[in-house]
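Containing CSV, C-alpha atoms: model20.csv.
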chain,number,residue,atom,x,y,z
A,12,MET,CA,-2.1,-5.0,-22.5
A,13,GLY,CA,-5.4,-5.1,-24.4
A,14,GLU,CA,-6.5,-8.5,-23.0
A,15,MET,CA,-5.7,-10.8,-20.2
A,16,SER,CA,-5.2,-14.6,-20.3
A,17,PRO,CA,-7.3,-16.7,-17.9
A,18,ALA,CA,-4.2,-17.8,-16.1
A,19,ALA,CA,-3.1,-14.2,-15.6
A,20,ALA,CA,-6.5,-13.1,-14.5
A,21,ALA,CA,-6.6,-16.0,-11.9
A,22,LEU,CA,-3.2,-14.9,-10.5
A,23,VAL,CA,-4.3,-11.3,-10.2
A,24,GLY,CA,-7.5,-12.3,-8.4
A,25,ALA,CA,-5.6,-14.6,-6.1
A,26,VAL,CA,-3.0,-11.9,-5.2
A,27,VAL,CA,-5.7,-9.3,-4.6
A,28,PHE,CA,-7.7,-11.7,-2.4
A,29,PHE,CA,-4.7,-12.6,-0.3
A,30,ALA,CA,-3.6,-8.9,0.0
A,31,PHE,CA,-7.0,-7.7,1.3
A,32,PHE,CA,-7.4,-10.8,3.5
A,33,VAL,CA,-4.2,-9.6,5.2
A,34,ARG,CA,-5.6,-6.0,5.4
A,35,GLY,CA,-8.8,-7.4,7.0
A,36,VAL,CA,-6.8,-9.3,9.6
A,37,SER,CA,-4.1,-6.7,10.4
A,38,GLY,CA,-5.6,-3.3,9.2
A,39,PHE,CA,-2.9,-2.5,6.7
A,40,GLY,CA,-0.5,-4.1,4.1
A,41,SER,CA,-2.7,-4.6,1.1
A,42,ALA,CA,-0.6,-2.6,-1.5
A,43,THR,CA,2.7,-3.6,0.2
A,44,ILE,CA,1.8,-7.3,-0.2
A,45,ALA,CA,0.0,-7.2,-3.6
A,46,ILE,CA,2.2,-5.0,-5.8
A,47,PRO,CA,5.5,-6.9,-5.5
A,48,LEU,CA,3.6,-10.1,-6.3
A,49,MET,CA,1.4,-8.6,-9.0
A,50,VAL,CA,4.2,-7.0,-11.1
A,51,HIS,CA,5.2,-10.6,-12.1
A,52,VAL,CA,1.9,-10.6,-14.1
A,53,VAL,CA,1.1,-7.0,-15.0
A,54,PRO,CA,3.3,-3.9,-15.4
A,55,LEU,CA,4.1,-1.7,-12.4
A,56,LYS,CA,2.5,1.3,-14.0
A,57,LEU,CA,-0.8,-0.7,-14.1
A,58,ALA,CA,-0.4,-2.4,-10.7
A,59,VAL,CA,0.1,0.8,-8.8
A,60,PRO,CA,-3.2,2.6,-9.9
A,61,LEU,CA,-5.1,-0.7,-9.6
A,62,LEU,CA,-4.2,-1.1,-5.9
A,63,LEU,CA,-4.9,2.6,-5.3
A,64,VAL,CA,-8.4,2.2,-6.6
A,65,LEU,CA,-9.0,-0.9,-4.6
A,66,ASP,CA,-7.5,0.6,-1.4
A,67,PHE,CA,-9.7,3.7,-1.9
A,68,LEU,CA,-12.9,1.5,-2.3
A,69,ALA,CA,-11.9,-0.5,0.8
A,70,THR,CA,-11.4,2.7,2.8
A,71,VAL,CA,-14.7,4.1,1.8
A,72,ALA,CA,-16.4,0.8,2.8
A,73,THR,CA,-14.8,0.9,6.3
A,74,ILE,CA,-14.5,4.7,7.0
A,75,ARG,CA,-17.3,4.7,9.6
A,76,ILE,CA,-15.5,2.4,11.9
A,77,ASP,CA,-14.0,4.2,14.9
A,78,ARG,CA,-14.8,7.5,13.2
A,79,GLU,CA,-15.0,9.3,16.6
A,80,HIS,CA,-11.4,8.4,17.4
A,81,VAL,CA,-9.9,10.2,14.4
A,82,ASN,CA,-7.4,12.9,15.5
A,83,LYS,CA,-8.2,15.6,12.9
A,84,THR,CA,-5.2,17.8,13.9
A,85,GLU,CA,-2.7,15.1,13.0
A,86,VAL,CA,-4.5,14.4,9.7
A,87,LYS,CA,-4.2,18.1,8.8
A,88,ARG,CA,-0.5,18.1,9.7
A,89,LEU,CA,0.2,15.1,7.4
A,90,ILE,CA,-1.9,16.0,4.3
A,91,PRO,CA,0.1,18.9,2.7
A,92,TRP,CA,3.5,17.1,2.9
A,93,ALA,CA,1.9,13.9,1.7
A,94,MET,CA,0.5,15.8,-1.3
A,95,VAL,CA,4.0,17.1,-2.2
A,96,GLY,CA,5.4,13.5,-1.9
A,97,VAL,CA,2.6,12.0,-4.0
A,98,ILE,CA,3.2,14.5,-6.9
A,99,THR,CA,7.0,13.9,-6.8
A,100,GLY,CA,6.6,10.1,-6.7
A,101,ALA,CA,3.9,9.9,-9.4
A,102,LEU,CA,6.0,12.0,-11.8
A,103,LEU,CA,9.0,9.6,-11.3
A,104,LEU,CA,6.7,6.6,-11.8
A,105,VAL,CA,5.7,8.0,-15.2
A,106,ARG,CA,9.2,8.9,-16.3
A,107,LEU,CA,11.7,6.4,-14.9
A,108,PRO,CA,12.6,3.1,-16.6
A,109,PRO,CA,10.8,-0.1,-15.3
A,110,GLU,CA,14.1,-1.7,-14.3
A,111,ILE,CA,14.9,1.1,-11.9
A,112,LEU,CA,11.4,1.2,-10.4
A,113,LEU,CA,11.3,-2.6,-9.9
A,114,THR,CA,14.7,-2.7,-8.3
A,115,GLY,CA,13.9,0.2,-6.0
A,116,LEU,CA,10.5,-1.4,-5.1
A,117,GLY,CA,12.2,-4.7,-4.4
A,118,VAL,CA,14.8,-3.3,-2.0
A,119,LEU,CA,12.2,-1.1,-0.3
A,120,VAL,CA,9.9,-4.1,0.3
A,121,VAL,CA,12.7,-6.2,1.7
A,122,ILE,CA,13.6,-3.5,4.2
A,123,PHE,CA,10.0,-3.2,5.3
A,124,GLY,CA,9.8,-7.0,5.6
A,125,ILE,CA,12.9,-7.1,7.8
A,126,ARG,CA,11.6,-4.3,9.9
A,127,THR,CA,8.2,-6.1,10.4
A,128,LEU,CA,10.0,-9.3,11.5
A,129,LEU,CA,12.3,-7.5,13.9
A,130,LYS,CA,9.3,-5.6,15.4
A,131,PRO,CA,11.2,-2.6,16.7
A,132,VAL,CA,9.5,-1.1,19.7
A,133,GLY,CA,9.2,2.4,21.0
A,134,ASP,CA,6.4,4.8,21.5
A,135,GLN,CA,8.2,7.8,22.9
A,136,PRO,CA,6.4,11.1,21.9
A,137,VAL,CA,8.0,13.0,19.0
A,138,SER,CA,7.6,16.6,17.8
A,139,GLN,CA,4.8,17.5,15.5
A,140,TRP,CA,7.4,18.6,13.0
A,141,TRP,CA,8.1,14.9,12.2
A,142,ALA,CA,4.9,15.2,10.2
A,143,VAL,CA,7.0,16.8,7.5
A,144,PRO,CA,9.4,13.9,6.7
A,145,ALA,CA,6.7,11.3,7.5
A,146,GLY,CA,4.1,12.9,5.3
A,147,PHE,CA,6.5,13.5,2.3
A,148,THR,CA,8.1,10.0,2.5
A,149,GLY,CA,4.8,8.2,2.8
A,150,GLY,CA,3.4,10.3,-0.1
A,151,PHE,CA,6.5,9.6,-2.2
A,152,PHE,CA,6.4,5.9,-1.7
A,153,GLY,CA,2.7,5.8,-2.4
A,154,GLY,CA,3.0,7.9,-5.6
A,155,MET,CA,6.0,6.1,-7.0
A,156,PHE,CA,5.5,2.5,-5.9
A,157,GLY,CA,2.0,2.4,-4.5
A,158,SER,CA,3.6,0.3,-1.7
A,159,GLY,CA,5.1,1.1,1.7
A,160,ALA,CA,3.3,4.4,2.1
A,161,ALA,CA,1.6,3.3,5.3
A,162,THR,CA,4.8,2.7,7.2
A,163,PRO,CA,6.0,6.3,7.7
A,164,TYR,CA,2.5,7.4,8.5
A,165,MET,CA,2.0,4.6,11.1
A,166,ILE,CA,5.4,5.2,12.7
A,167,TYR,CA,4.6,8.9,13.1
A,168,LEU,CA,1.1,8.4,14.4
A,169,THR,CA,2.2,5.7,16.9
A,170,HIS,CA,4.7,8.1,18.4
A,171,ARG,CA,2.2,11.0,18.4
A,172,LEU,CA,-0.9,9.3,19.7
A,173,GLY,CA,0.2,6.2,21.5
A,174,ASP,CA,-3.3,4.5,21.8
A,175,LYS,CA,-3.6,1.8,19.2
A,176,ARG,CA,-7.3,2.5,18.5
A,177,ASN,CA,-6.6,6.2,17.9
A,178,VAL,CA,-3.7,5.4,15.7
A,179,ARG,CA,-5.7,3.0,13.5
A,180,ALA,CA,-8.7,5.4,13.3
A,181,THR,CA,-6.6,8.4,12.5
A,182,PHE,CA,-4.7,6.5,9.8
A,183,SER,CA,-8.0,5.5,8.2
A,184,GLY,CA,-9.2,9.0,8.3
A,185,PHE,CA,-6.0,10.3,6.7
A,186,ALA,CA,-5.9,7.5,4.1
A,187,PHE,CA,-9.3,8.6,2.7
A,188,PHE,CA,-7.8,12.0,1.8
A,189,ASP,CA,-4.5,10.6,0.8
A,190,TYR,CA,-6.0,8.0,-1.6
A,191,GLY,CA,-8.4,10.6,-3.0
A,192,PHE,CA,-5.5,13.0,-3.8
A,193,ARG,CA,-3.5,10.2,-5.3
A,194,LEU,CA,-6.4,9.3,-7.6
A,195,ILE,CA,-6.6,12.9,-8.8
A,196,THR,CA,-2.8,13.0,-9.4
A,197,PHE,CA,-2.9,9.6,-11.3
A,198,LEU,CA,-5.8,11.0,-13.4
A,199,PHE,CA,-3.7,14.0,-14.5
A,200,THR,CA,-0.6,11.8,-15.2
A,201,GLY,CA,-2.7,9.4,-17.3
A,202,LEU,CA,-2.2,6.4,-15.1
A,203,LEU,CA,-6.0,6.0,-14.5
A,204,LEU,CA,-6.8,6.3,-18.2
A,205,GLN,CA,-5.3,3.0,-19.2
A,206,TRP,CA,-7.8,0.7,-21.0
A,207,ALA,CA,-6.3,-2.4,-19.2
A,208,LEU,CA,-7.2,-0.9,-15.8
A,209,GLY,CA,-10.8,-1.5,-16.4
A,210,ILE,CA,-10.1,-5.2,-17.3
A,211,VAL,CA,-8.1,-5.9,-14.1
A,212,LEU,CA,-10.6,-4.0,-12.0
A,213,ALA,CA,-13.3,-6.3,-13.2
A,214,VAL,CA,-11.3,-9.2,-11.9
A,215,SER,CA,-10.0,-7.6,-8.8
A,216,VAL,CA,-13.0,-5.9,-7.1
A,217,PRO,CA,-14.8,-9.2,-6.3
A,218,ALA,CA,-11.6,-10.7,-5.0
A,219,MET,CA,-10.9,-7.6,-2.9
A,220,ALA,CA,-14.4,-7.7,-1.4
A,221,ALA,CA,-14.1,-11.4,-0.6
A,222,GLY,CA,-10.7,-11.1,1.0
A,223,LEU,CA,-11.6,-8.1,3.1
A,224,TYR,CA,-14.8,-9.7,4.3
A,225,ILE,CA,-13.2,-12.9,5.3
A,226,GLY,CA,-10.2,-11.2,6.9
A,227,ASN,CA,-12.5,-8.9,9.0
A,228,ARG,CA,-14.5,-11.9,10.1
A,229,ILE,CA,-11.5,-13.9,11.5
A,230,HIS,CA,-9.1,-11.1,12.6
A,231,HIS,CA,-9.8,-11.8,16.2
A,232,ARG,CA,-8.8,-15.4,15.8
A,233,ILE,CA,-5.3,-14.6,14.7
A,234,SER,CA,-2.8,-12.9,17.0
A,235,ASN,CA,-1.3,-9.7,15.8
A,236,GLU,CA,2.2,-11.1,16.3
A,237,ARG,CA,1.6,-14.1,14.1
A,238,ALA,CA,0.0,-12.0,11.4
A,239,LEU,CA,3.0,-9.7,11.4
A,240,GLN,CA,5.4,-12.6,11.2
A,241,VAL,CA,3.6,-14.0,8.1
A,242,ILE,CA,3.5,-10.5,6.5
A,243,GLY,CA,7.2,-10.0,7.2
A,244,VAL,CA,8.3,-13.2,5.6
A,245,MET,CA,6.0,-12.5,2.6
A,246,LEU,CA,7.5,-9.1,2.1
A,247,VAL,CA,11.1,-10.3,2.2
A,248,LEU,CA,10.4,-13.1,-0.3
A,249,SER,CA,8.4,-11.0,-2.7
A,250,GLY,CA,11.0,-8.2,-2.6
A,251,LEU,CA,13.8,-10.5,-3.3
A,252,SER,CA,11.9,-12.0,-6.2
A,253,LEU,CA,11.6,-8.6,-7.8
A,254,VAL,CA,15.3,-8.0,-7.5
A,255,VAL,CA,16.0,-11.5,-9.0
A,256,LYS,CA,13.5,-10.8,-11.8
A,257,VAL,CA,15.3,-7.6,-12.8
A,258,LEU,CA,18.8,-9.1,-12.6
A,259,TRP,CA,17.7,-12.2,-14.6
A,260,THR,CA,16.1,-10.1,-17.3
A,261,GLY,CA,19.2,-8.0,-17.5
A,262,LEU,CA,21.5,-11.0,-18.0
A,263,ARG,CA,19.4,-12.5,-20.7
How does the structure come out when it is put into structure tokens?
Amino acid sequence: MGEMSPAAAALVGAVVFFAFFVRGVSGFGSATIAIPLMVHVVPLKLAVPLLLVLDFLATVATIRIDREHVNKTEVKRLIPWAMVGVITGALLLVRLPPEILLTGLGVLVVIFGIRTLLKPVGDQPVSQWWAVPAGFTGGFFGGMFGSGAATPYMIYLTHRLGDKRNVRATFSGFAFFDYGFRLITFLFTGLLLQWALGIVLAVSVPAMAAGLYIGNRIHHRISNERALQVIGVMLVLSGLSLVVKVLWTGLR
């Protein structure tokens, strides 16, 4: 992918804007929304590092918010297991065929979309040892798909901390280290050394900044339940579109 057509660039910019608008409104979901849509325009092995860079920039820009509410103990529990998951997922991203990756991503996104629509409740405390599967699973999804990583982390932190403000702040604090380690891992695997990444970043960074800014400005005007409903529907539809894309390509 040495160059990008104006139509493809416009689609990438629109997807990034919408994804970070959603993040500005709800506090999460940028990669989970963007990647299933973006892989219709660019390869998965380009979309994943692109969203990682954008998420890292967005996190750096907002890291000061609620900094005093970060639970450092929980961050330390998650980090080592997330690192193992990231390495495992990134190695599979480099080595597995695109068809397997896209099908797995499509199924994963549909499951997360259904879960978001059903809004399962429950905030009973859990053991600190749940940091092991939560950290590894989130890291694995993030390293392999760049999508869905936040879900295991948020489930664990919600059951450990309870208070929504502490959960959101702790996730943001953890995400800074998680994204940073993923960037290092992607650098060593070559995923950050693609020439095309610079091209799509030039298009995506302004769209990311605009979407995040507008989303943050109006987040108090949209109820959290309505935002989750929209996100859930988008995830189910985008996940199904990936599965159909793989099946259609295989039949041709």
8 Å contact set for region 67-73 of chain A, all atoms listed in the file, chain neighbours under 6 positions out, as a PyMOL selection string: chain A and resi 183+186-187+190-191+220+223
Restricted to C-alpha atoms, what would the selected residues look like written as an mmCIF file, keeping the file's coordinate frame?
data_model
loop_
_atom_site.group_PDB
_atom_site.id
_atom_site.type_symbol
_atom_site.label_atom_id
_atom_site.label_comp_id
_atom_site.auth_asym_id
_atom_site.auth_seq_id
_atom_site.Cartn_x
_atom_site.Cartn_y
_atom_site.Cartn_z
ATOM 1 C CA SER A 183 -8.000 5.500 8.200
ATOM 2 C CA ALA A 186 -5.900 7.500 4.100
ATOM 3 C CA PHE A 187 -9.300 8.600 2.700
ATOM 4 C CA TYR A 190 -6.000 8.000 -1.600
ATOM 5 C CA GLY A 191 -8.400 10.600 -3.000
ATOM 6 C CA ALA A 220 -14.400 -7.700 -1.400
ATOM 7 C CA LEU A 223 -11.600 -8.100 3.100
#
Nearest-residue call for Pro60 (chain A), choices A:Ala93, A:Val121, A:Leu208, A:Leu48, using only C-alpha atoms: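 Counting only C-alpha atoms, the residue closest to Pro60 (chain A) is A:Leu208.
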Residues of region 113-229 of chain A within 10 Å of region 52-59 of chain A: nearest atom pair and distance (Å, one decimal) for each, counting all atoms listed in the file, sorted by chain and number, as JSON lines?
{"residue": "A:Leu113", "atom": "CA", "partner": "A:Leu55", "partner_atom": "CA", "distance": 7.7}
{"residue": "A:Leu116", "atom": "CA", "partner": "A:Leu55", "partner_atom": "CA", "distance": 9.7}
{"residue": "A:Gly153", "atom": "CA", "partner": "A:Val59", "partner_atom": "CA", "distance": 8.5}
{"residue": "A:Gly154", "atom": "CA", "partner": "A:Val59", "partner_atom": "CA", "distance": 8.3}
{"residue": "A:Met155", "atom": "CA", "partner": "A:Val59", "partner_atom": "CA", "distance": 8.1}
{"residue": "A:Phe156", "atom": "CA", "partner": "A:Val59", "partner_atom": "CA", "distance": 6.4}
{"residue": "A:Gly157", "atom": "CA", "partner": "A:Val59", "partner_atom": "CA", "distance": 5.0}
{"residue": "A:Ser158", "atom": "CA", "partner": "A:Val59", "partner_atom": "CA", "distance": 7.9}
{"residue": "A:Phe197", "atom": "CA", "partner": "A:Val59", "partner_atom": "CA", "distance": 9.6}
{"residue": "A:Leu202", "atom": "CA", "partner": "A:Lys56", "partner_atom": "CA", "distance": 7.0}
{"residue": "A:Leu203", "atom": "CA", "partner": "A:Leu57", "partner_atom": "CA", "distance": 8.5}
{"residue": "A:Gln205", "atom": "CA", "partner": "A:Leu57", "partner_atom": "CA", "distance": 7.7}
{"residue": "A:Trp206", "atom": "CA", "partner": "A:Leu57", "partner_atom": "CA", "distance": 9.9}
{"residue": "A:Ala207", "atom": "CA", "partner": "A:Leu57", "partner_atom": "CA", "distance": 7.7}
{"residue": "A:Leu208", "atom": "CA", "partner": "A:Leu57", "partner_atom": "CA", "distance": 6.6}
{"residue": "A:Val211", "atom": "CA", "partner": "A:Leu57", "partner_atom": "CA", "distance": 9.0}
So that I can check the surroundings of Val105 (chain A), please list as an mmCIF file with C-alpha atoms, in the coordinates of the input every protein, DNA and RNA residue that reaches within 8 Å of it, counting all atoms listed in the file and ignoring chain neighbours fewer than 3 positions away.
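Saved as result_32.cif:
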data_model
loop_
_atom_site.group_PDB
_atom_site.id
_atom_site.type_symbol
_atom_site.label_atom_id
_atom_site.label_comp_id
_atom_site.auth_asym_id
_atom_site.auth_seq_id
_atom_site.Cartn_x
_atom_site.Cartn_y
_atom_site.Cartn_z
ATOM 1 C CA LYS A 56 2.500 1.300 -14.000
ATOM 2 C CA ALA A 101 3.900 9.900 -9.400
ATOM 3 C CA LEU A 102 6.000 12.000 -11.800
ATOM 4 C CA THR A 200 -0.600 11.800 -15.200
#
Polymer residues at most 12 Å from (-4.1, 12.3, -2.3) by all atoms listed in the file, as a VMD selection string: chain A and resid 63 to 64 67 89 to 98 100 to 101 146 to 147 149 to 151 153 to 154 157 160 185 to 198
For region 165-170 of chain A: contacts at 10 Å, all atoms listed in the file, fewer than 3 positions along chain excluded, given as a VMD selection string: chain A and resid 39 82 85 to 86 89 133 to 139 141 to 146 149 160 to 162 173 to 175 177 to 179 181 to 182
Output C-alpha atoms of each residue in that selection to a file, as a tab-separated table (two decimals), keeping the file's coordinate frame.
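What follows is the written file again20.tsv:
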chain	number	residue	atom	x	y	z
A	39	PHE	CA	-2.90	-2.50	6.70
A	82	ASN	CA	-7.40	12.90	15.50
A	85	GLU	CA	-2.70	15.10	13.00
A	86	VAL	CA	-4.50	14.40	9.70
A	89	LEU	CA	0.20	15.10	7.40
A	133	GLY	CA	9.20	2.40	21.00
A	134	ASP	CA	6.40	4.80	21.50
A	135	GLN	CA	8.20	7.80	22.90
A	136	PRO	CA	6.40	11.10	21.90
A	137	VAL	CA	8.00	13.00	19.00
A	138	SER	CA	7.60	16.60	17.80
A	139	GLN	CA	4.80	17.50	15.50
A	141	TRP	CA	8.10	14.90	12.20
A	142	ALA	CA	4.90	15.20	10.20
A	143	VAL	CA	7.00	16.80	7.50
A	144	PRO	CA	9.40	13.90	6.70
A	145	ALA	CA	6.70	11.30	7.50
A	146	GLY	CA	4.10	12.90	5.30
A	149	GLY	CA	4.80	8.20	2.80
A	160	ALA	CA	3.30	4.40	2.10
A	161	ALA	CA	1.60	3.30	5.30
A	162	THR	CA	4.80	2.70	7.20
A	173	GLY	CA	0.20	6.20	21.50
A	174	ASP	CA	-3.30	4.50	21.80
A	175	LYS	CA	-3.60	1.80	19.20
A	177	ASN	CA	-6.60	6.20	17.90
A	178	VAL	CA	-3.70	5.40	15.70
A	179	ARG	CA	-5.70	3.00	13.50
A	181	THR	CA	-6.60	8.40	12.50
A	182	PHE	CA	-4.70	6.50	9.80
Give me, as an mmCIF file with C-alpha atoms, in the frame of the given file, all polymer residues having an atom no more than 7 Å from Phe31 (chain A), counting all atoms listed in the file and skipping those fewer than 2 positions away in the same chain.
data_model
loop_
_atom_site.group_PDB
_atom_site.id
_atom_site.type_symbol
_atom_site.label_atom_id
_atom_site.label_comp_id
_atom_site.auth_asym_id
_atom_site.auth_seq_id
_atom_site.Cartn_x
_atom_site.Cartn_y
_atom_site.Cartn_z
ATOM 1 C CA VAL A 27 -5.700 -9.300 -4.600
ATOM 2 C CA PHE A 28 -7.700 -11.700 -2.400
ATOM 3 C CA PHE A 29 -4.700 -12.600 -0.300
ATOM 4 C CA VAL A 33 -4.200 -9.600 5.200
ATOM 5 C CA ARG A 34 -5.600 -6.000 5.400
ATOM 6 C CA GLY A 35 -8.800 -7.400 7.000
ATOM 7 C CA SER A 41 -2.700 -4.600 1.100
ATOM 8 C CA MET A 219 -10.900 -7.600 -2.900
ATOM 9 C CA GLY A 222 -10.700 -11.100 1.000
ATOM 10 C CA LEU A 223 -11.600 -8.100 3.100
#
